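Chemist: protein.csv is reproduced below (CSV, C-alpha atoms).
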chain,number,residue,atom,x,y,z
A,135,VAL,CA,-4.3,66.8,30.8
A,136,VAL,CA,-1.8,66.0,33.6
A,137,ARG,CA,-3.4,66.3,37.0
A,138,ASN,CA,-1.4,68.8,39.1
A,139,ASN,CA,-1.6,68.2,42.8
A,140,SER,CA,-0.2,71.6,43.6
A,141,PHE,CA,-3.9,72.7,43.8
A,142,GLY,CA,-4.6,70.4,46.7
A,143,ILE,CA,-7.4,68.9,44.6
A,144,LYS,CA,-9.9,66.5,46.3
A,145,GLN,CA,-12.0,64.3,44.1
A,146,GLY,CA,-15.7,64.4,44.9
A,147,ILE,CA,-18.5,67.0,45.1
A,148,LEU,CA,-17.4,70.4,43.9
A,149,SER,CA,-18.3,73.6,45.8
A,150,MET,CA,-18.6,75.6,42.6
A,151,GLU,CA,-21.2,78.3,42.7
A,152,ILE,CA,-22.5,77.9,39.2
A,153,LYS,CA,-25.5,80.2,38.8
A,154,GLY,CA,-26.4,79.9,35.1
A,155,ILE,CA,-25.6,78.2,31.8
A,156,GLN,CA,-25.9,79.3,28.2
A,157,LYS,CA,-26.1,76.0,26.5
A,158,VAL,CA,-24.7,77.1,23.1
A,159,THR,CA,-22.9,80.2,22.0
A,160,LEU,CA,-21.0,81.0,18.7
A,161,LEU,CA,-19.7,84.3,20.1
A,162,ASP,CA,-18.0,83.7,23.4
A,163,TYR,CA,-15.1,81.5,22.2
A,164,PRO,CA,-13.7,82.8,18.8
A,165,GLY,CA,-14.1,80.2,16.1
A,166,LYS,CA,-15.6,77.5,18.4
A,167,VAL,CA,-19.1,76.2,19.3
A,168,ALA,CA,-19.2,76.5,23.1
A,169,CYS,CA,-21.4,76.7,26.2
A,170,THR,CA,-20.9,79.3,28.9
A,171,VAL,CA,-21.3,78.8,32.6
A,172,PHE,CA,-21.7,81.8,35.0
A,173,THR,CA,-20.3,81.7,38.6
A,174,GLY,CA,-21.6,83.7,41.5
A,175,GLY,CA,-19.7,86.3,43.4
A,176,CYS,CA,-17.3,89.1,42.5
A,177,ASN,CA,-14.8,91.3,44.3
A,178,PHE,CA,-15.6,94.3,42.1
A,179,ARG,CA,-18.8,96.4,42.0
A,180,CYS,CA,-18.6,97.8,38.5
A,181,PRO,CA,-21.6,100.2,38.0
A,182,PHE,CA,-22.1,99.0,34.5
A,183,CYS,CA,-22.1,95.2,35.4
A,184,GLN,CA,-24.8,93.4,33.5
A,185,ASN,CA,-24.8,90.5,35.9
A,186,SER,CA,-25.4,92.4,39.1
A,187,ASP,CA,-27.5,89.6,40.6
A,188,LEU,CA,-24.5,87.4,40.5
A,189,VAL,CA,-22.3,90.0,42.0
A,190,ILE,CA,-24.4,91.6,44.8
A,191,SER,CA,-26.7,88.7,45.9
A,192,PRO,CA,-25.6,85.4,44.3
A,193,ALA,CA,-27.3,83.5,47.1
A,194,LEU,CA,-30.7,84.5,45.7
A,195,THR,CA,-30.0,82.6,42.5
A,196,PRO,CA,-30.2,78.8,42.7
A,197,THR,CA,-26.9,77.0,42.3
A,198,ILE,CA,-26.5,74.4,39.5
A,199,ALA,CA,-24.7,71.3,40.8
A,200,GLY,CA,-21.3,70.7,39.2
A,201,GLU,CA,-22.4,67.1,38.4
A,202,GLU,CA,-25.3,68.5,36.4
A,203,ILE,CA,-22.9,70.5,34.3
A,204,PHE,CA,-20.7,67.5,33.7
A,205,GLY,CA,-23.7,65.4,32.7
A,206,PHE,CA,-24.7,68.1,30.2
A,207,LEU,CA,-21.1,68.2,28.8
A,208,ARG,CA,-21.0,64.4,28.5
A,209,LYS,CA,-24.2,64.5,26.4
A,210,ARG,CA,-22.8,67.3,24.2
A,211,ARG,CA,-19.5,65.6,23.3
A,212,GLY,CA,-19.0,66.0,19.6
A,213,LEU,CA,-21.4,68.9,19.4
A,214,LEU,CA,-19.6,71.4,21.5
A,215,ASP,CA,-15.9,72.3,21.3
A,216,ALA,CA,-15.4,74.3,24.4
A,217,ILE,CA,-16.8,75.6,27.7
A,218,CYS,CA,-16.4,79.3,28.7
A,219,ILE,CA,-16.3,80.1,32.4
A,220,SER,CA,-17.6,83.6,33.2
A,221,GLY,CA,-19.1,85.4,36.2
A,222,GLY,CA,-19.0,87.2,38.5
A,223,GLU,CA,-15.3,86.4,38.9
A,224,PRO,CA,-14.6,82.7,38.4
A,225,LEU,CA,-11.3,82.7,40.2
A,226,LEU,CA,-13.1,83.3,43.5
A,227,GLN,CA,-14.3,79.7,43.3
A,228,PRO,CA,-12.3,77.4,45.5
A,229,ASP,CA,-12.7,74.4,43.2
A,230,ILE,CA,-12.1,76.2,40.0
A,231,ALA,CA,-9.0,74.1,39.1
A,232,GLU,CA,-10.8,70.8,39.6
A,233,PHE,CA,-13.7,72.0,37.6
A,234,ILE,CA,-11.5,73.0,34.7
A,235,MET,CA,-9.5,69.8,34.9
A,236,ARG,CA,-12.6,67.7,34.7
A,237,CYS,CA,-13.8,69.7,31.7
A,238,ARG,CA,-10.5,69.2,30.0
A,239,GLU,CA,-10.5,65.5,30.7
A,240,MET,CA,-13.7,65.2,28.8
A,241,GLY,CA,-12.0,66.7,25.8
A,242,TYR,CA,-13.3,70.3,26.0
A,243,LEU,CA,-11.3,73.4,25.4
A,244,VAL,CA,-11.6,75.9,28.3
A,245,LYS,CA,-11.9,79.7,28.1
A,246,LEU,CA,-11.7,81.8,31.2
A,247,ASP,CA,-13.1,85.2,31.7
A,248,THR,CA,-11.4,87.2,34.5
A,249,ASN,CA,-11.0,90.7,35.9
A,250,GLY,CA,-7.4,90.0,36.6
A,251,SER,CA,-7.6,90.2,40.4
A,252,PHE,CA,-5.9,86.9,41.2
A,253,PRO,CA,-2.6,86.7,39.3
A,254,ASP,CA,-1.1,83.9,41.4
A,255,LEU,CA,-4.0,81.5,40.7
A,256,LEU,CA,-4.1,82.5,37.1
A,257,GLN,CA,-0.4,81.7,36.8
A,258,ARG,CA,-0.9,78.3,38.4
A,259,LEU,CA,-3.7,77.4,36.0
A,260,ILE,CA,-1.5,78.5,33.1
A,261,ASP,CA,1.4,76.5,34.3
A,262,ALA,CA,-0.8,73.4,34.7
A,263,LYS,CA,-1.8,73.9,31.0
A,264,LEU,CA,-5.5,74.0,31.9
A,265,LEU,CA,-6.5,77.1,30.0
A,266,ASN,CA,-6.9,77.3,26.2
A,267,TYR,CA,-8.1,80.9,26.0
A,268,ILE,CA,-8.1,83.8,28.4
A,269,ALA,CA,-10.3,86.9,28.2
A,270,MET,CA,-9.5,89.7,30.6
A,271,ASP,CA,-11.6,92.8,31.1
A,272,ILE,CA,-9.7,96.1,31.1
A,273,LYS,CA,-12.0,98.4,32.9
A,274,THR,CA,-10.2,101.7,32.1
A,275,ALA,CA,-6.8,103.3,32.5
A,276,PRO,CA,-5.0,101.9,35.6
A,277,GLU,CA,-5.2,105.3,37.4
A,278,ARG,CA,-9.0,105.3,37.2
A,279,TYR,CA,-9.8,101.7,38.3
A,280,SER,CA,-11.4,102.8,41.6
A,281,VAL,CA,-14.0,104.7,39.7
A,282,LEU,CA,-14.9,101.9,37.2
A,283,THR,CA,-14.7,99.0,39.7
A,284,GLY,CA,-16.6,100.6,42.6
A,285,VAL,CA,-13.7,99.7,44.9
A,286,ARG,CA,-12.2,102.6,46.8
A,287,ASN,CA,-8.4,102.7,47.0
A,288,ILE,CA,-8.1,99.6,44.9
A,289,ASP,CA,-4.7,97.9,44.7
A,290,ILE,CA,-4.1,97.9,41.0
A,291,GLY,CA,-1.0,95.7,41.4
A,292,PRO,CA,-2.8,92.4,40.8
A,293,VAL,CA,-4.5,93.7,37.7
A,294,LEU,CA,-1.1,94.9,36.2
A,295,ALA,CA,0.5,91.6,37.1
A,296,SER,CA,-2.3,89.6,35.4
A,297,VAL,CA,-1.9,91.6,32.2
A,298,ASP,CA,1.8,90.8,32.2
A,299,ILE,CA,1.2,87.1,33.0
A,300,ILE,CA,-1.4,86.7,30.2
A,301,ARG,CA,0.8,88.6,27.6
A,302,ASN,CA,3.7,86.3,28.4
A,303,SER,CA,1.7,83.0,28.8
A,304,GLY,CA,1.8,81.7,25.3
A,305,VAL,CA,-2.0,81.0,25.8
A,306,GLU,CA,-4.4,82.4,23.2
A,307,HIS,CA,-6.0,85.5,24.7
A,308,GLU,CA,-7.8,88.8,24.4
A,309,PHE,CA,-8.3,92.0,26.3
A,310,ARG,CA,-11.5,94.0,26.1
A,311,THR,CA,-13.1,97.1,27.5
A,312,THR,CA,-16.9,97.7,27.8
A,313,VAL,CA,-17.3,101.4,26.8
A,314,VAL,CA,-19.8,103.4,28.8
A,315,ASN,CA,-20.7,106.9,27.7
A,316,GLU,CA,-20.7,108.5,31.1
A,317,LEU,CA,-17.5,106.7,32.4
A,318,HIS,CA,-15.0,106.8,29.6
A,319,SER,CA,-13.1,109.5,27.8
A,320,PRO,CA,-10.5,109.8,25.0
A,321,ALA,CA,-7.7,110.0,27.6
A,322,ASP,CA,-8.7,106.6,29.0
A,323,PHE,CA,-8.1,105.0,25.6
A,324,GLU,CA,-4.9,106.8,25.0
A,325,ARG,CA,-3.6,105.3,28.3
A,326,ILE,CA,-5.0,101.8,27.6
A,327,GLY,CA,-3.4,101.9,24.1
A,328,GLN,CA,0.0,102.7,25.7
A,329,TRP,CA,-0.5,100.0,28.4
A,330,LEU,CA,-1.4,97.2,25.9
A,331,LYS,CA,0.8,98.4,23.0
A,332,GLY,CA,1.5,95.6,20.5
A,333,GLU,CA,-1.3,93.3,21.6
A,334,GLU,CA,-3.0,91.3,18.8
A,335,ARG,CA,-6.6,91.1,20.2
A,336,TYR,CA,-8.1,94.1,21.9
A,337,PHE,CA,-11.8,94.9,21.6
A,338,LEU,CA,-13.9,97.9,22.5
A,339,GLN,CA,-17.3,96.5,23.4
A,340,LEU,CA,-20.6,98.4,23.3
A,341,PHE,CA,-22.2,98.7,26.7
A,342,VAL,CA,-25.7,97.2,26.8
A,343,ASP,CA,-28.1,98.1,29.7
A,344,SER,CA,-29.4,94.7,30.9
A,345,GLY,CA,-31.9,96.4,33.2
A,346,ALA,CA,-30.2,95.0,36.2
A,347,LEU,CA,-27.2,97.2,36.6
A,348,ILE,CA,-25.4,98.1,39.8
A,349,GLY,CA,-25.2,101.8,38.8
A,350,THR,CA,-27.8,104.2,37.4
A,351,GLY,CA,-27.9,106.8,34.6
A,352,LEU,CA,-25.5,104.9,32.3
A,353,SER,CA,-25.8,104.7,28.5
A,354,PRO,CA,-23.9,103.3,25.5
A,355,ALA,CA,-21.4,105.5,23.8
A,356,SER,CA,-22.5,106.7,20.3
A,357,GLU,CA,-21.1,104.9,17.3
A,358,GLY,CA,-19.1,108.1,16.6
A,359,LYS,CA,-17.5,108.0,20.0
A,360,MET,CA,-16.8,104.3,19.7
A,361,ARG,CA,-15.0,104.9,16.4
A,362,GLU,CA,-13.1,107.9,17.9
A,363,TYR,CA,-11.9,105.7,20.8
A,364,LEU,CA,-10.9,102.9,18.4
A,365,SER,CA,-8.8,105.3,16.3
A,366,ILE,CA,-7.0,106.4,19.5
A,367,VAL,CA,-6.3,102.8,20.5
A,368,GLN,CA,-5.2,101.8,17.0
A,369,LYS,CA,-2.2,104.1,17.2
A,370,TYR,CA,-0.8,101.5,19.6
A,371,ILE,CA,-2.8,98.3,18.7
A,372,PRO,CA,-3.4,98.4,15.0
A,373,THR,CA,-5.6,95.3,15.1
A,374,ALA,CA,-8.0,96.6,17.7
A,375,LYS,CA,-11.6,96.2,16.8
A,376,LEU,CA,-15.2,97.1,17.9
A,377,ARG,CA,-17.7,94.6,19.2
A,378,GLY,CA,-21.4,95.1,19.2
A,379,ILE,CA,-21.6,97.6,16.4
Translate this structure into structure tokens?

Modeler:
Amino acid sequence: VVRNNSFGIKQGILSMEIKGIQKVTLLDYPGKVACTVFTGGCNFRCPFCQNSDLVISPALTPTIAGEEIFGFLRKRRGLLDAICISGGEPLLQPDIAEFIMRCREMGYLVKLDTNGSFPDLLQRLIDAKLLNYIAMDIKTAPERYSVLTGVRNIDIGPVLASVDIIRNSGVEHEFRTTVVNELHSPADFERIGQWLKGEERYFLQLFVDSGALIGTGLSPASEGKMREYLSIVQKYIPTAKLRGI
């Protein structure tokens, strides 16, 4: 990994708000043994968010020091292939580039989960060749993003730009939508299919109520509905798949 000074990186203590770590996962990074760290804070308020404590009140969850994470990664060399960075929204973290760089320098692959709100930073991370895999959440059809993100009059431009950046990046990636019975309809998936037409990896994920949601009265779609939505998407993305069923 070549250090890229365009980030204004300063060596030393990182101000990463790391709020949790899953020490091993076989699911988060396709085909790899990985760990996942969770950052605090998000600019969206999705009613179905399963990590509402990290979104609404991250200060109430103790922060894990970056050096503690690096110590863990040093001990797991040869056992783990990759680190996944999730949230919250990781690109809100001011030291995200330095954190990723140090993970890469230890020999780890890095997967980033993002909501697509910060296309400029995403592009810089891609240009610096810091990302090995990108997973972007597609909340719904672009026209309905305000409803699904809990942000009134949301500017959808950054999300659209991030999709284009990822699709043209040459970096391994996926798009995925968490399907909520009360929030999605067939028309949403017709529009998403048109938007992402030709993609290789798109997943419809079954919503799971973590018990700590931002919204109320939400439930998973039935298996029948999930398969109906999948068939709609597959007109445009033949390789689309279900997750969680």

Chemist: If we count all atoms listed in the file and set the cut-off at 8 Å, which residues sit around Lys375 (chain A), ignoring sequence neighbours fewer than 6 positions away in its own chain? Please answer as a VMD selection string.

Modeler: chain A and resid 335 to 338 364

Chemist: With distances taken over all atoms listed in the file, which residue among A:Gln328, A:Ser344, A:Ser319, A:Ser191 lies nearest Glu362 (chain A)?

Modeler: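 Comparing A:Gln328, A:Ser344, A:Ser319, A:Ser191 against Glu362 (chain A), the winner is A:Ser319.
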
Chemist: Select from region 280-319 of chain A every residue with an atom at most 12 Å from any atom of region 243-261 of chain A, then for each give the shortest pair of atoms and their distance in Å to one decimal, using all atoms listed in the file, rows by chain and rising number, as a Markdown table.

Modeler:
| residue | atom | partner | partner_atom | distance |
| --- | --- | --- | --- | --- |
| A:Leu282 | CA | A:Asn249 | CA | 11.9 |
| A:Thr283 | CA | A:Asn249 | CA | 9.8 |
| A:Ile288 | CA | A:Ser251 | CA | 10.4 |
| A:Asp289 | CA | A:Ser251 | CA | 9.3 |
| A:Ile290 | CA | A:Ser251 | CA | 8.5 |
| A:Gly291 | CA | A:Ser251 | CA | 8.6 |
| A:Pro292 | CA | A:Ser251 | CA | 5.3 |
| A:Val293 | CA | A:Gly250 | CA | 4.8 |
| A:Leu294 | CA | A:Gly250 | CA | 8.0 |
| A:Ala295 | CA | A:Pro253 | CA | 6.2 |
| A:Ser296 | CA | A:Pro253 | CA | 4.9 |
| A:Val297 | CA | A:Gly250 | CA | 7.2 |
| A:Asp298 | CA | A:Pro253 | CA | 9.3 |
| A:Ile299 | CA | A:Gln257 | CA | 6.8 |
| A:Ile300 | CA | A:Gln257 | CA | 8.3 |
| A:Arg301 | CA | A:Gln257 | CA | 11.6 |
| A:Asn302 | CA | A:Gln257 | CA | 10.4 |
| A:Ser303 | CA | A:Ile260 | CA | 7.0 |
| A:Gly304 | CA | A:Ile260 | CA | 9.1 |
| A:Val305 | CA | A:Ile260 | CA | 7.7 |
| A:Glu306 | CA | A:Lys245 | CA | 9.4 |
| A:His307 | CA | A:Lys245 | CA | 8.9 |
| A:Glu308 | CA | A:Asp247 | CA | 9.7 |
| A:Phe309 | CA | A:Asp247 | CA | 9.9 |
| A:Arg310 | CA | A:Asn249 | CA | 10.4 |
| A:Thr311 | CA | A:Asn249 | CA | 10.8 |

Chemist: Calculated over only C-alpha atoms, which of the candidates A:Phe178, A:Tyr163, A:Trp329, A:Phe172 has the smallest distance to Ser280 (chain A)?

Modeler: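 Closest to Ser280 (chain A), using only C-alpha atoms: A:Phe178.
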
Chemist: Would you please work out which residue, of A:Ile366, A:Cys218, A:Met240, A:Ala321, is nearest to Phe204 (chain A) when using all atoms listed in the file?

Modeler: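 Among the listed residues, A:Met240 lies closest to Phe204 (chain A).
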
Chemist: By how many Å are CA of Glu223 (chain A) and CA of Val171 (chain A) apart?

Modeler: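 Distance reported for this atom pair: 11.6 Å.
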
Chemist: One number please: CA of Val189 (chain A) to CA of Gly351 (chain A), in Å, one decimal.

Modeler: 19.2 Å

Chemist: Nearest residue to Val342 (chain A) out of A:Asp322, A:Asp215, A:Gly241, A:Cys183, using only C-alpha atoms?

Modeler: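 Closest candidate: A:Cys183.
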
Chemist: Can you pull out every residue within 8 Å of Val367 (chain A), counting all atoms listed in the file, but drop anything in the same chain fewer than 5 positions away, and send it as a VMD selection string?

Modeler: chain A and resid 323 to 324 326 to 327 372 374

Chemist: Given the choices A:Glu232, A:Glu201, A:Glu316, A:Glu277, which gets closest to Ser353 (chain A) if the distance is worked out from only C-alpha atoms?

Modeler: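 Of the candidates, the smallest distance to Ser353 (chain A) is held by A:Glu316.
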
Chemist: For each of A:Gly175, A:Pro228, A:Gly212, A:Pro181, take the minimum atom-to-atom distance to Val281 (chain A), counting all atoms listed in the file, then give the residue where this is smallest.

Modeler: A:Pro181

Chemist: What is the CA of Cys237 (chain A)-CA of Ile268 (chain A) distance in Å, reported with one decimal?

Modeler: 15.6 Å

Chemist: In file coordinates, which residues lie within 9 Å of (-27.6, 101.2, 31.1) using all atoms listed in the file, given as a list in words?

Modeler: Phe182, Gln184, Val314, Phe341, Val342, Asp343, Ser344, Gly345, Ala346, Leu347, Gly349, Thr350, Gly351, Leu352, Ser353 and Pro354 of chain A
